[in-house]
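Visitor: Can you read through this structure? Questions will come right after.
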Amino acid sequence: MSKYRLKKKLEEGQGKSYIVRLNVGDTCMAPPRNVKHWTMSFDERGAYWTRIVKESNRNEAVYWVLRWFSNLTHRIKKRPKSTFHRLSCHPDEILEVSDDYNEVVYYPSMKPSEARNRLLPPDKLDEIIKLGKGKFKKTSDFSKKGCFTQTREYKNEKHRVRMIKVPYVPYVYKNSNTGKYHANIRIQPRVTEGGGAKFLGCERGEGGAYTTVFWKHKRGEVVQRPKAKWFALKNHVLTKAVAEAITISRRYEKRKTGYKTSDF
């Protein structure tokens, strides 16, 4: 259930002013005549409307702008002649809230879905992505909330940090946040065809011991990629968790390791 926040009335002299930009682009759609708080302008990105809102911080400003847009899209369903039908259906695609007070600051674990980090102007968005060094990217799928989203590298790194390998036991990892055990088990082996190794000879040293062994190798073609899967273990005792992980691993195909001799 979404948490409803009561809008607080700011006293005179309190709060900060934020510029809200609504991009209407090539449609060049003008604000309705009965709406007086929007002003229309043009720049290199096309037509846009602007207005000023006053809130205690950027988090509150973005929150109430999103609430306004949500209520707007609900109302126009009952008004087929409304001008706003020509707008895009997602707020992160067309709305921006200024960050003149530098309240959005990059840190590695920042969440794009937080109101404070949404509806960013282009310069601030580029700054966050640049400082992220591959952890964040611009949102192209607007079913995800936020002007930016985490990349696969970010999610993999976060997963590795959270899962700590338990030493001296196979498969088992411990979640640093919950303390529960998980198993990382290969469910699909790597399969190659056409490769192998051919023994060419060796050199012996004093006493007849091998000093150098010569092989000829041929790289095979990979016909099946390896695949691993995480399993949440039910047992909270380490010895029982290891036994559970081994039982799970026996369900899946195993292949012998080492060189395969060849006649090439």
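Residues are named by chain letter and number: chains run A, B, ... in the order of the structure tokens, numbers start at 1 in each chain, and ligands are numbered from 1 in the order shown.
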Using DSSP on the backbone, list every residue of region 83-250 of chain A that comes out as strand (DSSP E), and give them as number ranges by chain.
Guide: A: 95-97, 136-138, 148-150, 163-165, 172-175, 181-188, 191-193, 196-204, 210-218, 221-224, 227-232
Visitor: Got a sec: who's within 9 Å of Trp38 (chain A), counting only C-alpha atoms, leaving out chain neighbours fewer than 5 positions off, as a list in words?
Guide: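 My reading of the contact set: Pro31, Trp49, Thr50, Arg51 and Ile52 of chain A.
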Visitor: Would you list, as a ChimeraX atom specification, the residues of region 121-163 of chain A that end up in alpha helix (DSSP H) under DSSP run on this structure's backbone?
Guide: /A:122-132,152-162
Visitor: Take CA of Lys16 (chain A) and CA of Trp64 (chain A) and report the distance between them in Å, one decimal.
Guide: 13.9 Å
Visitor: Using only C-alpha atoms, determine which residues lie at most 8 Å from Ile76 (chain A), disregarding the query and same-chain residues fewer than 6 positions distant; provide the list as a ChimeraX atom specification.
Guide: /A:82,84-85
Visitor: Could you write those residues out with C-alpha atoms, as a PDB file, in the first residue's frame?
Guide:
```pdb
ATOM      1  CA  SER A  82      -8.618  17.470 -22.727  1.00  0.00           C
ATOM      2  CA  PHE A  84      -3.322  16.749 -21.930  1.00  0.00           C
ATOM      3  CA  HIS A  85      -4.249  13.654 -23.964  1.00  0.00           C
TER       4      HIS A  85
END
```
Visitor: How many Å separate CA of Trp215 (chain A) from CA of Lys254 (chain A)?
Guide: 26.1 Å
Visitor: Near Ser109 (chain A), within 12 Å and counting only C-alpha atoms, which residues show up once chain neighbours fewer than 2 positions away are dropped, as a VMD selection string?
Guide: chain A and resid 105 to 107 111 to 114 117 128 132 135 to 136 149 to 150 154 to 155 157 to 158 161
Visitor: I want to know what sits within 8 Å of region 219-222 of chain A, based on only C-alpha atoms, with residues of the same chain fewer than 6 positions away left out; could you give that as a PDB file with N, CA and C atoms, in the first residue's frame?
Guide:
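Full text of part27.pdb as output:
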```pdb
ATOM      1  N   ARG A 190      29.542 -26.672 -19.438  1.00  0.00           N
ATOM      2  CA  ARG A 190      30.069 -26.206 -20.718  1.00  0.00           C
ATOM      3  C   ARG A 190      30.380 -27.411 -21.591  1.00  0.00           C
ATOM      4  N   VAL A 191      29.939 -27.371 -22.845  1.00  0.00           N
ATOM      5  CA  VAL A 191      30.134 -28.482 -23.774  1.00  0.00           C
ATOM      6  C   VAL A 191      30.854 -27.967 -25.019  1.00  0.00           C
ATOM      7  N   THR A 192      31.956 -28.617 -25.381  1.00  0.00           N
ATOM      8  CA  THR A 192      32.697 -28.263 -26.592  1.00  0.00           C
ATOM      9  C   THR A 192      32.792 -29.463 -27.515  1.00  0.00           C
ATOM     10  N   GLU A 193      32.933 -29.210 -28.785  1.00  0.00           N
ATOM     11  CA  GLU A 193      33.082 -30.270 -29.800  1.00  0.00           C
ATOM     12  C   GLU A 193      34.291 -29.973 -30.680  1.00  0.00           C
ATOM     13  N   GLY A 194      35.009 -31.026 -31.008  1.00  0.00           N
ATOM     14  CA  GLY A 194      36.117 -30.894 -31.957  1.00  0.00           C
ATOM     15  C   GLY A 194      37.457 -30.537 -31.354  1.00  0.00           C
ATOM     16  N   GLY A 195      37.548 -30.377 -30.053  1.00  0.00           N
ATOM     17  CA  GLY A 195      38.820 -30.019 -29.440  1.00  0.00           C
ATOM     18  C   GLY A 195      39.501 -31.209 -28.801  1.00  0.00           C
ATOM     19  N   GLY A 196      40.675 -30.965 -28.249  1.00  0.00           N
ATOM     20  CA  GLY A 196      41.391 -32.035 -27.572  1.00  0.00           C
ATOM     21  C   GLY A 196      42.863 -31.734 -27.467  1.00  0.00           C
TER      22      GLY A 196
END
```
Visitor: Please measure the separation of CA of Phe148 (chain A) and CA of Tyr101 (chain A), giving the value in Å to one decimal.
Guide: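 Distance between the two atoms: 20.1 Å.
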